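Here is the file entry-v3.txt (compact mmCIF, C-alpha atoms).
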```
# COMPACT_ATOMS: atom_id res chain seq x y z
CA MET A 1 22.38 3.49 10.75
CA THR A 2 22.61 2.08 7.26
CA ASN A 3 20.90 -0.76 5.52
CA SER A 4 22.25 -2.71 2.59
CA LYS A 5 19.86 -1.55 -0.07
CA GLU A 6 20.49 -2.08 -3.75
CA VAL A 7 18.82 0.42 -6.03
CA PHE A 8 17.66 -0.33 -9.56
CA ARG A 9 17.12 2.79 -11.64
CA SER A 10 16.42 1.48 -15.12
CA GLY A 11 13.08 2.75 -16.32
CA PRO A 12 11.54 6.21 -16.44
CA TYR A 13 11.81 9.02 -13.85
CA ALA A 14 15.25 7.81 -12.70
CA ASP A 15 15.92 11.24 -11.17
CA PHE A 16 12.97 10.85 -8.83
CA MET A 17 12.76 7.19 -7.94
CA ALA A 18 14.04 3.68 -8.39
CA GLN A 19 11.98 1.01 -10.11
CA GLY A 20 13.19 -1.52 -7.56
CA VAL A 21 14.95 -1.47 -4.21
CA LYS A 22 16.32 -4.68 -2.71
CA VAL A 23 17.10 -4.91 0.97
CA GLY A 24 17.93 -8.26 2.51
CA SER A 25 15.68 -10.76 0.79
CA ILE A 26 12.90 -8.27 0.00
CA LEU A 27 12.53 -6.52 -3.34
CA TYR A 28 10.18 -3.53 -3.31
CA ILE A 29 8.98 -2.64 -6.80
CA SER A 30 7.52 0.72 -7.78
CA GLY A 31 3.97 0.61 -9.07
CA GLN A 32 4.16 -0.38 -12.73
CA VAL A 33 1.82 0.90 -15.41
CA GLY A 34 0.98 -0.11 -18.96
CA MET A 35 3.60 2.06 -20.60
CA ASP A 36 6.53 0.62 -22.55
CA ALA A 37 10.12 1.89 -22.58
CA ALA A 38 9.31 4.19 -25.51
CA GLY A 39 6.46 5.85 -23.59
CA SER A 40 3.70 4.15 -25.56
CA ILE A 41 0.48 3.30 -23.72
CA PRO A 42 -1.87 0.70 -25.28
CA ALA A 43 -5.59 1.47 -25.31
CA THR A 44 -7.21 -1.43 -23.46
CA MET A 45 -7.06 -2.61 -19.86
CA ALA A 46 -5.93 -6.07 -20.95
CA GLU A 47 -3.07 -4.69 -23.05
CA GLN A 48 -2.01 -2.38 -20.25
CA THR A 49 -2.06 -5.36 -17.88
CA VAL A 50 0.28 -7.28 -20.20
CA GLN A 51 2.67 -4.31 -20.39
CA ALA A 52 2.61 -3.60 -16.63
CA TYR A 53 3.61 -7.20 -15.87
CA ALA A 54 6.32 -7.03 -18.54
CA ASN A 55 7.70 -4.02 -16.66
CA ILE A 56 7.48 -5.90 -13.36
CA ARG A 57 9.34 -8.84 -14.86
CA ALA A 58 12.07 -6.46 -16.07
CA VAL A 59 12.67 -5.27 -12.51
CA LEU A 60 12.58 -8.82 -11.16
CA ALA A 61 15.11 -9.87 -13.81
CA GLU A 62 17.62 -7.33 -12.50
CA VAL A 63 18.04 -9.45 -9.37
CA GLY A 64 17.61 -12.79 -11.12
CA ALA A 65 14.08 -13.23 -9.84
CA SER A 66 10.82 -14.15 -11.56
CA MET A 67 7.08 -13.77 -11.06
CA ASP A 68 7.29 -16.70 -8.61
CA ASN A 69 9.00 -14.33 -6.20
CA ILE A 70 6.06 -11.94 -5.94
CA VAL A 71 4.23 -12.28 -2.66
CA ASP A 72 1.96 -9.23 -2.43
CA GLU A 73 0.18 -7.28 -5.13
CA THR A 74 -1.91 -4.13 -5.02
CA PHE A 75 -3.97 -3.74 -8.18
CA LEU A 76 -5.00 -0.11 -8.65
CA VAL A 77 -7.63 0.63 -11.28
CA THR A 78 -9.17 3.90 -12.42
CA SER A 79 -12.52 2.19 -12.99
CA VAL A 80 -13.82 -0.79 -11.06
CA GLU A 81 -16.72 -1.01 -13.55
CA GLU A 82 -14.36 -1.28 -16.51
CA THR A 83 -12.43 -3.92 -14.58
CA HIS A 84 -15.58 -5.99 -14.12
CA GLU A 85 -16.48 -5.56 -17.81
CA ASN A 86 -13.02 -6.79 -18.82
CA LEU A 87 -12.50 -9.29 -16.02
CA GLU A 88 -11.68 -12.31 -18.16
CA ALA A 89 -9.26 -10.44 -20.42
CA VAL A 90 -7.52 -8.63 -17.57
CA PHE A 91 -7.26 -11.59 -15.22
CA GLY A 92 -6.43 -13.86 -18.13
CA ALA A 93 -3.48 -11.62 -18.99
CA ARG A 94 -2.51 -11.65 -15.33
CA ALA A 95 -2.67 -15.47 -15.09
CA GLU A 96 -0.53 -15.68 -18.23
CA ALA A 97 2.03 -13.30 -16.71
CA TYR A 98 2.28 -15.52 -13.64
CA GLY A 99 2.20 -18.70 -15.73
CA LYS A 100 -0.19 -20.30 -13.23
CA ILE A 101 -2.73 -19.44 -10.56
CA PRO A 102 -0.95 -16.55 -8.86
CA GLU A 103 0.52 -17.43 -5.46
CA VAL A 104 0.16 -13.90 -4.17
CA THR A 105 -2.10 -11.80 -2.03
CA GLN A 106 -4.06 -9.22 -3.96
CA THR A 107 -5.85 -6.04 -3.03
CA LEU A 108 -7.99 -4.37 -5.70
CA ILE A 109 -8.58 -0.63 -5.28
CA GLY A 110 -10.44 1.89 -7.40
CA VAL A 111 -8.37 5.08 -7.48
CA ALA A 112 -9.28 8.64 -8.46
CA GLY A 113 -6.35 8.99 -10.82
CA LEU A 114 -2.98 7.72 -11.97
CA LEU A 115 0.04 9.59 -13.28
CA LEU A 116 -1.37 10.05 -16.80
CA PRO A 117 -5.02 10.12 -17.88
CA GLU A 118 -4.54 7.29 -20.41
CA LEU A 119 -3.50 4.86 -17.69
CA LYS A 120 -6.19 2.46 -16.56
CA LEU A 121 -4.24 0.51 -13.97
CA GLU A 122 -1.10 0.35 -11.88
CA ILE A 123 0.29 -2.75 -10.19
CA LYS A 124 2.41 -2.44 -7.06
CA CYS A 125 4.27 -5.57 -5.95
CA ILE A 126 6.52 -6.78 -3.19
CA ALA A 127 8.77 -9.75 -3.97
CA HIS A 128 10.82 -11.97 -1.69
CA LEU A 129 13.96 -13.65 -3.00
CA MET B 1 15.77 -18.12 -7.27
CA THR B 2 13.02 -19.34 -5.00
CA ASN B 3 11.68 -18.15 -1.73
CA SER B 4 9.93 -20.27 0.87
CA LYS B 5 6.45 -18.85 0.57
CA GLU B 6 3.43 -20.57 2.04
CA VAL B 7 0.16 -19.78 0.31
CA PHE B 8 -3.23 -19.73 2.04
CA ARG B 9 -6.13 -19.97 -0.37
CA SER B 10 -9.17 -20.32 1.86
CA GLY B 11 -11.63 -17.56 1.09
CA PRO B 12 -13.14 -16.28 -2.13
CA TYR B 13 -11.45 -15.85 -5.52
CA ALA B 14 -9.03 -18.71 -4.84
CA ASP B 15 -8.34 -19.01 -8.57
CA PHE B 16 -7.00 -15.47 -8.69
CA MET B 17 -5.27 -14.86 -5.40
CA ALA B 18 -4.35 -16.09 -1.96
CA GLN B 19 -5.84 -14.54 1.17
CA GLY B 20 -2.45 -14.82 2.86
CA VAL B 21 1.13 -15.47 1.84
CA LYS B 22 3.78 -16.18 4.46
CA VAL B 23 7.43 -15.79 3.66
CA GLY B 24 10.01 -15.95 6.42
CA SER B 25 8.42 -14.25 9.41
CA ILE B 26 6.19 -11.94 7.36
CA LEU B 27 2.54 -12.69 6.58
CA TYR B 28 1.04 -10.57 3.81
CA ILE B 29 -2.75 -10.53 3.94
CA SER B 30 -5.00 -9.58 1.03
CA GLY B 31 -7.23 -6.59 1.65
CA GLN B 32 -10.25 -7.86 3.57
CA VAL B 33 -13.76 -6.50 3.17
CA GLY B 34 -16.99 -6.76 5.13
CA MET B 35 -18.28 -9.85 3.36
CA ASP B 36 -18.76 -13.16 5.13
CA ALA B 37 -18.04 -16.64 3.74
CA ALA B 38 -21.59 -16.86 2.33
CA GLY B 39 -21.14 -13.62 0.39
CA SER B 40 -23.34 -11.54 2.67
CA ILE B 41 -22.41 -7.87 3.16
CA PRO B 42 -23.86 -6.03 6.17
CA ALA B 43 -25.23 -2.52 5.63
CA THR B 44 -23.26 -0.30 8.00
CA MET B 45 -19.61 0.70 8.16
CA ALA B 46 -19.32 -0.56 11.73
CA GLU B 47 -20.74 -3.99 10.82
CA GLN B 48 -18.48 -4.23 7.79
CA THR B 49 -15.53 -3.34 10.04
CA VAL B 50 -16.41 -6.20 12.39
CA GLN B 51 -16.64 -8.64 9.47
CA ALA B 52 -13.43 -7.46 7.79
CA TYR B 53 -11.46 -8.03 11.00
CA ALA B 54 -13.11 -11.43 11.43
CA ASN B 55 -11.78 -12.28 7.96
CA ILE B 56 -8.33 -10.99 8.89
CA ARG B 57 -8.34 -13.11 12.05
CA ALA B 58 -9.25 -16.16 9.96
CA VAL B 59 -6.13 -15.69 7.81
CA LEU B 60 -3.96 -15.06 10.88
CA ALA B 61 -5.33 -18.23 12.48
CA GLU B 62 -4.04 -20.31 9.55
CA VAL B 63 -0.48 -19.67 10.73
CA GLY B 64 -1.32 -19.67 14.44
CA ALA B 65 -1.11 -15.90 14.70
CA SER B 66 -3.45 -13.31 16.19
CA MET B 67 -4.24 -9.60 15.87
CA ASP B 68 -1.16 -8.93 18.03
CA ASN B 69 0.93 -9.91 15.03
CA ILE B 70 -0.37 -7.14 12.79
CA VAL B 71 2.16 -4.36 12.33
CA ASP B 72 0.86 -2.26 9.44
CA GLU B 73 -2.67 -1.47 8.37
CA THR B 74 -4.06 0.45 5.41
CA PHE B 75 -7.68 1.40 5.99
CA LEU B 76 -9.41 2.10 2.66
CA VAL B 77 -12.82 3.77 2.77
CA THR B 78 -15.20 4.76 0.01
CA SER B 79 -16.30 7.83 1.96
CA VAL B 80 -14.12 9.77 4.38
CA GLU B 81 -17.20 11.77 5.38
CA GLU B 82 -19.13 8.64 6.34
CA THR B 83 -16.06 7.49 8.26
CA HIS B 84 -16.05 10.71 10.29
CA GLU B 85 -19.80 10.42 10.90
CA ASN B 86 -19.34 6.85 12.19
CA LEU B 87 -15.96 7.32 13.81
CA GLU B 88 -16.85 6.00 17.25
CA ALA B 89 -18.68 2.94 15.96
CA VAL B 90 -16.04 2.07 13.36
CA PHE B 91 -13.01 2.68 15.56
CA GLY B 92 -14.81 1.09 18.50
CA ALA B 93 -15.29 -2.08 16.44
CA ARG B 94 -11.64 -1.88 15.45
CA ALA B 95 -10.45 -1.50 19.05
CA GLU B 96 -12.61 -4.48 19.99
CA ALA B 97 -11.08 -6.56 17.18
CA TYR B 98 -7.59 -5.75 18.47
CA GLY B 99 -8.68 -6.21 22.10
CA LYS B 100 -6.69 -3.12 23.08
CA ILE B 101 -5.27 0.10 21.67
CA PRO B 102 -3.95 -1.18 18.34
CA GLU B 103 -0.15 -1.50 18.21
CA VAL B 104 -0.02 -0.89 14.48
CA THR B 105 0.67 1.83 12.01
CA GLN B 106 -2.38 3.01 10.13
CA THR B 107 -2.94 4.87 6.89
CA LEU B 108 -6.48 6.01 6.10
CA ILE B 109 -7.28 6.55 2.42
CA GLY B 110 -10.45 7.56 0.65
CA VAL B 111 -10.77 5.45 -2.49
CA ALA B 112 -12.89 5.89 -5.61
CA GLY B 113 -14.25 2.35 -5.47
CA LEU B 114 -13.93 -1.15 -4.08
CA LEU B 115 -14.69 -4.50 -5.67
CA LEU B 116 -18.46 -4.25 -5.11
CA PRO B 117 -20.58 -1.11 -4.71
CA GLU B 118 -21.99 -2.25 -1.34
CA LEU B 119 -18.53 -2.31 0.21
CA LYS B 120 -17.68 0.70 2.35
CA LEU B 121 -14.19 -0.28 3.45
CA GLU B 122 -11.30 -2.63 2.90
CA ILE B 123 -8.50 -3.31 5.36
CA LYS B 124 -5.05 -4.37 4.13
CA CYS B 125 -2.65 -5.68 6.76
CA ILE B 126 0.90 -6.92 7.07
CA ALA B 127 1.68 -9.18 10.03
CA HIS B 128 4.98 -10.34 11.47
CA LEU B 129 5.19 -13.65 13.29
CA MET C 1 3.03 -16.50 18.66
CA THR C 2 4.61 -13.12 19.36
CA ASN C 3 6.88 -10.92 17.38
CA SER C 4 9.30 -8.38 18.79
CA LYS C 5 7.56 -5.22 17.69
CA GLU C 6 8.44 -1.83 19.09
CA VAL C 7 5.65 0.71 18.94
CA PHE C 8 6.18 4.46 18.60
CA ARG C 9 3.14 6.49 19.60
CA SER C 10 4.34 10.08 19.50
CA GLY C 11 2.15 12.09 17.15
CA PRO C 12 -1.60 12.46 16.86
CA TYR C 13 -4.30 9.81 17.26
CA ALA C 14 -2.16 7.82 19.72
CA ASP C 15 -5.28 6.03 20.98
CA PHE C 16 -5.93 4.58 17.54
CA MET C 17 -2.56 3.92 15.99
CA ALA C 18 1.20 4.16 16.20
CA GLN C 19 3.18 6.48 13.94
CA GLY C 20 5.84 3.79 13.62
CA VAL C 21 6.18 0.08 14.33
CA LYS C 22 9.57 -1.59 14.19
CA VAL C 23 9.86 -5.33 13.85
CA GLY C 24 13.21 -6.91 13.15
CA SER C 25 15.00 -4.55 10.79
CA ILE C 26 11.83 -3.14 9.23
CA LEU C 27 10.19 0.11 10.33
CA TYR C 28 6.64 0.59 9.10
CA ILE C 29 5.58 4.24 9.21
CA SER C 30 1.98 5.44 9.17
CA GLY C 31 1.08 7.63 6.24
CA GLN C 32 2.24 11.15 7.09
CA VAL C 33 0.42 14.32 6.05
CA GLY C 34 1.29 17.99 5.94
CA MET C 35 0.12 18.80 9.44
CA ASP C 36 2.47 19.92 12.17
CA ALA C 37 2.36 18.95 15.87
CA ALA C 38 0.05 21.89 16.63
CA GLY C 39 -2.47 20.74 14.00
CA SER C 40 -1.62 23.46 11.49
CA ILE C 41 -1.87 22.58 7.78
CA PRO C 42 -0.06 24.80 5.26
CA ALA C 43 -1.92 25.83 2.11
CA THR C 44 0.26 24.59 -0.75
CA MET C 45 1.26 21.12 -1.94
CA ALA C 46 4.94 22.00 -1.70
CA GLU C 47 4.61 23.20 1.92
CA GLN C 48 2.59 20.12 2.84
CA THR C 49 5.31 17.97 1.25
CA VAL C 50 7.96 19.65 3.42
CA GLN C 51 5.87 19.07 6.56
CA ALA C 52 5.01 15.46 5.72
CA TYR C 53 8.69 14.59 5.31
CA ALA C 54 9.50 16.42 8.56
CA ASN C 55 6.95 14.13 10.24
CA ILE C 56 8.52 11.08 8.58
CA ARG C 57 11.97 12.15 9.79
CA ALA C 58 10.59 12.48 13.32
CA VAL C 59 9.47 8.85 13.29
CA LEU C 60 12.76 7.71 11.76
CA ALA C 61 14.66 9.62 14.47
CA GLU C 62 12.94 7.57 17.19
CA VAL C 63 14.95 4.54 16.07
CA GLY C 64 18.08 6.48 15.13
CA ALA C 65 17.35 6.20 11.41
CA SER C 66 17.31 8.77 8.62
CA MET C 67 15.78 9.28 5.19
CA ASP C 68 18.52 6.99 3.83
CA ASN C 69 16.67 4.12 5.47
CA ILE C 70 13.49 4.56 3.46
CA VAL C 71 13.10 1.90 0.79
CA ASP C 72 9.49 2.17 -0.41
CA GLU C 73 7.21 5.17 -0.71
CA THR C 74 3.57 5.51 -1.69
CA PHE C 75 2.73 9.09 -2.59
CA LEU C 76 -1.01 9.67 -2.30
CA VAL C 77 -2.41 12.88 -3.77
CA THR C 78 -5.93 14.27 -3.87
CA SER C 79 -5.31 15.79 -7.30
CA VAL C 80 -2.96 14.39 -9.91
CA GLU C 81 -3.53 17.55 -11.97
CA GLU C 82 -2.40 19.80 -9.12
CA THR C 83 0.60 17.53 -8.67
CA HIS C 84 1.59 18.01 -12.30
CA GLU C 85 1.08 21.79 -12.00
CA ASN C 86 3.36 21.89 -8.94
CA LEU C 87 5.75 19.14 -9.98
CA GLU C 88 8.99 21.10 -9.61
CA ALA C 89 8.05 22.56 -6.24
CA VAL C 90 6.73 19.27 -4.83
CA PHE C 91 9.51 17.05 -6.13
CA GLY C 92 12.07 19.73 -5.30
CA ALA C 93 10.88 19.68 -1.69
CA ARG C 94 11.03 15.89 -1.78
CA ALA C 95 14.60 15.85 -3.17
CA GLU C 96 15.61 18.31 -0.45
CA ALA C 97 14.05 16.08 2.23
CA TYR C 98 16.10 13.13 0.94
CA GLY C 99 19.20 15.30 0.45
CA LYS C 100 19.87 13.58 -2.87
CA ILE C 101 18.15 11.65 -5.65
CA PRO C 102 15.85 9.43 -3.59
CA GLU C 103 17.00 5.80 -3.41
CA VAL C 104 13.46 4.51 -3.02
CA THR C 105 10.67 2.98 -5.01
CA GLN C 106 7.72 5.27 -5.49
CA THR C 107 4.08 4.73 -6.39
CA LEU C 108 1.99 7.81 -7.12
CA ILE C 109 -1.77 7.42 -6.61
CA GLY C 110 -4.64 9.86 -6.97
CA VAL C 111 -7.04 9.26 -4.08
CA ALA C 112 -10.65 10.29 -3.56
CA GLY C 113 -9.99 11.76 -0.14
CA LEU C 114 -7.69 12.02 2.84
CA LEU C 115 -8.49 12.39 6.54
CA LEU C 116 -9.18 16.14 6.33
CA PRO C 117 -10.31 18.16 3.30
CA GLU C 118 -7.36 20.59 3.55
CA LEU C 119 -4.88 17.78 3.03
CA LYS C 120 -3.46 17.51 -0.48
CA LEU C 121 -1.12 14.57 0.01
CA GLU C 122 -0.10 11.73 2.27
CA ILE C 123 3.19 9.85 2.14
CA LYS C 124 3.40 6.24 3.33
CA CYS C 125 6.87 4.81 3.77
CA ILE C 126 8.59 1.59 4.73
CA ALA C 127 12.14 1.85 6.07
CA HIS C 128 14.78 -0.81 6.65
CA LEU C 129 17.40 -0.32 9.36
```

What does the file become when written as structure tokens?
Amino acid sequence: MTNSKEVFRSGPYADFMAQGVKVGSILYISGQVGMDAAGSIPATMAEQTVQAYANIRAVLAEVGASMDNIVDETFLVTSVEETHENLEAVFGARAEAYGKIPEVTQTLIGVAGLLLPELKLEIKCIAHL
Amino acid sequence: MTNSKEVFRSGPYADFMAQGVKVGSILYISGQVGMDAAGSIPATMAEQTVQAYANIRAVLAEVGASMDNIVDETFLVTSVEETHENLEAVFGARAEAYGKIPEVTQTLIGVAGLLLPELKLEIKCIAHL
Amino acid sequence: MTNSKEVFRSGPYADFMAQGVKVGSILYISGQVGMDAAGSIPATMAEQTVQAYANIRAVLAEVGASMDNIVDETFLVTSVEETHENLEAVFGARAEAYGKIPEVTQTLIGVAGLLLPELKLEIKCIAHL
């Protein structure tokens, strides 16, 4: 039994995972963090938010999609307190990434850790094309 | 490239997120917590479970769906220990919300934090219509 | 409003949840842990990884699917540090379970707890048929 998945490997850890997998009209996107292609991680939550959405847009672009195609978002943070303290900056950066009030579901979760200790957030999205 | 998503904004934080997004036959629902429309959060896990499912049913009702339509559930708790201690009450409330043995997948995860410190659980569902 | 879901209850906790729910061409799979059918939990992360994927394959087999059908994976670990320390063993076991470089998205999350204290990881997958 085979599906028709298309696998998008650009991005880090290509030997372990894809950054995006498209099957039918659904594009699953791996959780994206605030690290750029050179491995650099900015210091603040707001900057990491900007970078994470830039990474999400890069995956979307591989199938000709945009932020409008995102339907579901899980927003994982290492500190809910720090999120509250930076709410305007973080959600401002998010609104700017979407270009409008986001038309997506969102689930905010405080996690015990992410892949690297410098990371403050990870954003996991599902898009429909 | 555009999809046909329908966005349901009733509920809190409407400037940041939708409580439900329907695309094709899939309804993504934002993680729901034990807070009612007036912002009140009951004290116990079982009561918060009842309220969270009431919130989920409210989103389902917007598309004419019911708990039968839920297919996948992620059950996020701030304390696995407290979940074990209240297992009968919490899972009893859940069974009552479904009206029968739930016909859904479930993943239970202990999280480091939720949006507000009073919250003991959050339930994230995907429904198919 | 009813969907056409098929519910697969083999596995533990059948009174609370299904291990798999198929609707259309999507198979949602409950998060699987490193516990075998007899309730035994091996000691190491790598062994638990092997067992968790064996459990995932068992659910896939109920609909005639294989690891090739997995499109999205959330890899929940109780210790990111321990994951880094055992990276080759854990991701080696994972590559062996897939039989090749996995053609899936992956999101790695450090969680505060799983269902039982002996559990070091849980793997939540979505498959498309």

If we draw a sphere of 9 Å around (4.1, -15.0, -6.6), which residues have at least one atom in it when counting only C-alpha atoms? Please report them as a list in words.
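Returned residue set, sorted by chain then number, is Ser66, Met67, Asp68, Asn69, Ile70, Val71, Asp72, Glu73, Tyr98, Pro102, Glu103, Val104, Thr105, Ala127 and His128 of chain A; Lys5 and Val21 of chain B.
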
Prev. selection, C-alpha atoms, output as a PDB file, keeping the file's coordinate frame:
```pdb
ATOM      1  CA  SER A  66      10.820 -14.150 -11.560  1.00  0.00           C
ATOM      2  CA  MET A  67       7.080 -13.770 -11.060  1.00  0.00           C
ATOM      3  CA  ASP A  68       7.290 -16.700  -8.610  1.00  0.00           C
ATOM      4  CA  ASN A  69       9.000 -14.330  -6.200  1.00  0.00           C
ATOM      5  CA  ILE A  70       6.060 -11.940  -5.940  1.00  0.00           C
ATOM      6  CA  VAL A  71       4.230 -12.280  -2.660  1.00  0.00           C
ATOM      7  CA  ASP A  72       1.960  -9.230  -2.430  1.00  0.00           C
ATOM      8  CA  GLU A  73       0.180  -7.280  -5.130  1.00  0.00           C
ATOM      9  CA  TYR A  98       2.280 -15.520 -13.640  1.00  0.00           C
ATOM     10  CA  PRO A 102      -0.950 -16.550  -8.860  1.00  0.00           C
ATOM     11  CA  GLU A 103       0.520 -17.430  -5.460  1.00  0.00           C
ATOM     12  CA  VAL A 104       0.160 -13.900  -4.170  1.00  0.00           C
ATOM     13  CA  THR A 105      -2.100 -11.800  -2.030  1.00  0.00           C
ATOM     14  CA  ALA A 127       8.770  -9.750  -3.970  1.00  0.00           C
ATOM     15  CA  HIS A 128      10.820 -11.970  -1.690  1.00  0.00           C
TER      16      HIS A 128
ATOM     17  CA  LYS B   5       6.450 -18.850   0.570  1.00  0.00           C
ATOM     18  CA  VAL B  21       1.130 -15.470   1.840  1.00  0.00           C
TER      19      VAL B  21
END
```

Specify as a ChimeraX atom specification all residues of chain C found within 12 Å of chain A, counting only C-alpha atoms.
/C:24-27,60-61,63-84,87-88,90-96,98,100-114,125-129

What is the distance between atom CA of Gln48 of chain A and atom CA of Ser10 of chain A, in Å to one decimal?
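Value for the atom CA of Gln48 of chain A-atom CA of Ser10 of chain A distance: 19.5 Å.
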
Excluding same-chain residues fewer than 3 positions from Ala43 of chain A, what lies within 12 Å of it counting only C-alpha atoms, as a ChimeraX atom specification?
/A:34-35,40,46-51,117-121

Using C-alpha atoms, can you write the selected residues to a file as a short mmCIF file (atom, residue, chain, number, x, y, z; two decimals), in the frame of the given file?
```cif
data_model
loop_
_atom_site.label_atom_id
_atom_site.label_comp_id
_atom_site.auth_asym_id
_atom_site.auth_seq_id
_atom_site.Cartn_x
_atom_site.Cartn_y
_atom_site.Cartn_z
CA GLY A 34 0.98 -0.11 -18.96
CA MET A 35 3.60 2.06 -20.60
CA SER A 40 3.70 4.15 -25.56
CA ALA A 46 -5.93 -6.07 -20.95
CA GLU A 47 -3.07 -4.69 -23.05
CA GLN A 48 -2.01 -2.38 -20.25
CA THR A 49 -2.06 -5.36 -17.88
CA VAL A 50 0.28 -7.28 -20.20
CA GLN A 51 2.67 -4.31 -20.39
CA PRO A 117 -5.02 10.12 -17.88
CA GLU A 118 -4.54 7.29 -20.41
CA LEU A 119 -3.50 4.86 -17.69
CA LYS A 120 -6.19 2.46 -16.56
CA LEU A 121 -4.24 0.51 -13.97
#
```

What is the distance between atom CA of Gly39 of chain A and atom CA of Asn86 of chain C, in Å to one decimal?
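Taking atom CA of Gly39 of chain A and atom CA of Asn86 of chain C, their separation equals 21.9 Å.
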
Which distance in Å separates atom CA of Val33 of chain A and atom CA of Arg57 of chain C, to one decimal?
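Here the two named atoms are 29.4 Å from each other.
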
Selected residue, from A:Gly99, A:Gly11, A:Ala89, A:Ala38, that lies nearest to Ala58 of chain A when counting only C-alpha atoms:
A:Gly11
